[in-house]
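Structure data (mmCIF, C-alpha atoms and all ligand atoms) from query.cif:
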data_protein
#
loop_
_atom_site.label_atom_id
_atom_site.label_comp_id
_atom_site.auth_asym_id
_atom_site.auth_seq_id
_atom_site.Cartn_x
_atom_site.Cartn_y
_atom_site.Cartn_z
CA MET A 2 -125.73 78.49 118.68
CA ALA A 3 -123.77 76.11 120.85
CA LYS A 4 -126.92 74.97 122.52
CA LYS A 5 -127.65 71.30 122.20
CA PRO A 6 -131.12 69.98 122.85
CA LYS A 7 -131.22 67.33 125.52
CA SER A 8 -133.44 65.02 123.52
CA SER A 9 -131.03 65.05 120.62
CA ALA A 10 -128.11 64.08 122.82
CA GLU A 11 -130.01 61.17 124.27
CA LYS A 12 -131.20 60.08 120.90
CA SER A 13 -127.68 59.69 119.60
CA ARG A 14 -126.97 57.28 122.42
CA PRO A 15 -127.42 53.61 121.67
CA ASP A 16 -129.93 51.91 123.91
CA GLY A 17 -127.66 49.07 124.80
CA VAL A 18 -124.82 51.23 126.00
CA ARG A 19 -126.19 52.70 129.15
CA VAL A 20 -124.11 54.14 131.90
CA THR A 21 -124.50 51.88 134.87
CA ALA A 22 -125.07 54.29 137.68
CA ALA A 23 -127.31 51.96 139.56
CA LYS A 24 -126.82 51.91 143.27
CA CYS A 25 -127.92 49.46 145.87
CA VAL A 26 -131.34 50.47 147.12
CA ARG A 27 -130.23 49.70 150.64
CA CYS A 28 -126.68 50.89 151.08
CA LYS A 29 -126.08 52.93 147.91
CA GLN A 30 -123.09 50.88 146.85
CA PRO A 31 -122.58 49.96 143.20
CA VAL A 32 -125.06 47.35 142.14
CA VAL A 33 -123.87 43.90 141.21
CA PRO A 34 -125.89 42.57 138.26
CA ARG A 35 -126.24 39.23 139.93
CA PHE A 36 -127.92 40.77 142.95
CA ARG A 37 -129.71 43.56 141.18
CA PRO A 38 -131.05 45.90 142.38
CA PHE A 39 -128.75 45.24 145.31
CA CYS A 40 -125.02 45.16 145.80
CA SER A 41 -124.95 41.83 147.52
CA GLN A 42 -126.95 38.87 148.69
CA ARG A 43 -127.00 40.37 152.10
CA CYS A 44 -128.75 43.54 151.02
CA SER A 45 -131.14 41.47 148.96
CA ASP A 46 -132.00 39.34 151.95
CA LEU A 47 -132.40 42.33 154.20
CA ASP A 48 -134.72 44.02 151.79
CA LEU A 49 -136.74 40.89 151.22
CA ALA A 50 -137.06 40.43 154.95
CA GLY A 51 -138.35 43.94 155.22
CA TRP A 52 -140.95 43.33 152.58
CA LEU A 53 -142.09 40.09 154.11
CA THR A 54 -142.32 41.65 157.52
CA SER A 55 -144.63 44.36 156.32
CA LYS A 56 -146.51 41.98 154.08
CA TYR A 57 -147.29 39.51 156.78
CA ARG A 58 -148.12 42.14 159.31
CA ILE A 59 -151.41 41.17 160.79
CA PRO A 60 -153.73 44.07 161.49
CA THR A 61 -155.08 43.87 164.98
CA ASP A 62 -157.36 46.33 166.71
CA ASP A 63 -156.13 48.96 164.30
CA THR A 64 -158.47 47.67 161.65
CA PRO A 65 -161.80 46.37 162.88
CA ASP A 66 -162.92 43.61 160.57
CA GLY A 67 -165.84 44.60 158.45
CA SER A 68 -166.55 47.98 159.93
CA GLU A 69 -163.84 49.57 157.85
CA ILE A 70 -165.61 48.84 154.60
CA GLU A 71 -168.71 50.91 154.32
CA LEU A 72 -170.84 50.43 151.28
CA PRO A 73 -172.62 53.48 149.98
CA THR A 74 -176.28 53.14 150.68
CA ASP A 75 -178.83 54.72 148.45
CA ASP A 76 -180.84 55.89 151.35
CA ASP A 77 -182.84 58.86 150.30
ZN ZN B 1 -126.17 47.08 149.42
#
What is this structure when it is put down as structure tokens?
Ligand SMILES: [Zn+2]
Amino acid sequence: MAKKPKSSAEKSRPDGVRVTAAKCVRCKQPVVPRFRPFCSQRCSDLDLAGWLTSKYRIPTDDTPDGSEIELPTDDD
């Protein structure tokens, strides 16, 4: 009888009062709201750089232009 449903426990918790357990996505240090979701400007920059690098990666001979996209032909 001492069993408490999980949903009930969460329901009694106000939405605004959330335990800040957020950690930097790069170095796992406590997140600073200003740099969320990072702990510092440095981590933010590093992550952004990583995104940009992969975003601007130009496909070379790995992806032949045009030949990759093959439209289904109704060739009976
Ligand atoms: Zn960090």
Please write out the residues within 8 Å of ligand ZN 1 (chain B) as a PDB file with C-alpha atoms, in the frame of the given file, counting all atoms listed in the file.
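Result file is out_39.pdb:
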ATOM      1  CA  LYS A  24    -126.820  51.910 143.270  1.00  0.00           C
ATOM      2  CA  CYS A  25    -127.920  49.460 145.870  1.00  0.00           C
ATOM      3  CA  VAL A  26    -131.340  50.470 147.120  1.00  0.00           C
ATOM      4  CA  ARG A  27    -130.230  49.700 150.640  1.00  0.00           C
ATOM      5  CA  CYS A  28    -126.680  50.890 151.080  1.00  0.00           C
ATOM      6  CA  LYS A  29    -126.080  52.930 147.910  1.00  0.00           C
ATOM      7  CA  GLN A  30    -123.090  50.880 146.850  1.00  0.00           C
ATOM      8  CA  PRO A  31    -122.580  49.960 143.200  1.00  0.00           C
ATOM      9  CA  VAL A  32    -125.060  47.350 142.140  1.00  0.00           C
ATOM     10  CA  PHE A  39    -128.750  45.240 145.310  1.00  0.00           C
ATOM     11  CA  CYS A  40    -125.020  45.160 145.800  1.00  0.00           C
ATOM     12  CA  SER A  41    -124.950  41.830 147.520  1.00  0.00           C
ATOM     13  CA  ARG A  43    -127.000  40.370 152.100  1.00  0.00           C
ATOM     14  CA  CYS A  44    -128.750  43.540 151.020  1.00  0.00           C
ATOM     15  CA  SER A  45    -131.140  41.470 148.960  1.00  0.00           C
TER      16      SER A  45
END
Response to the item:
Between CA of Leu53 (chain A) and CA of Val33 (chain A) lies a distance of 22.6 Å
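The space between CA of Ala23 (chain A) and CA of Arg35 (chain A) spans 12.8 Å.
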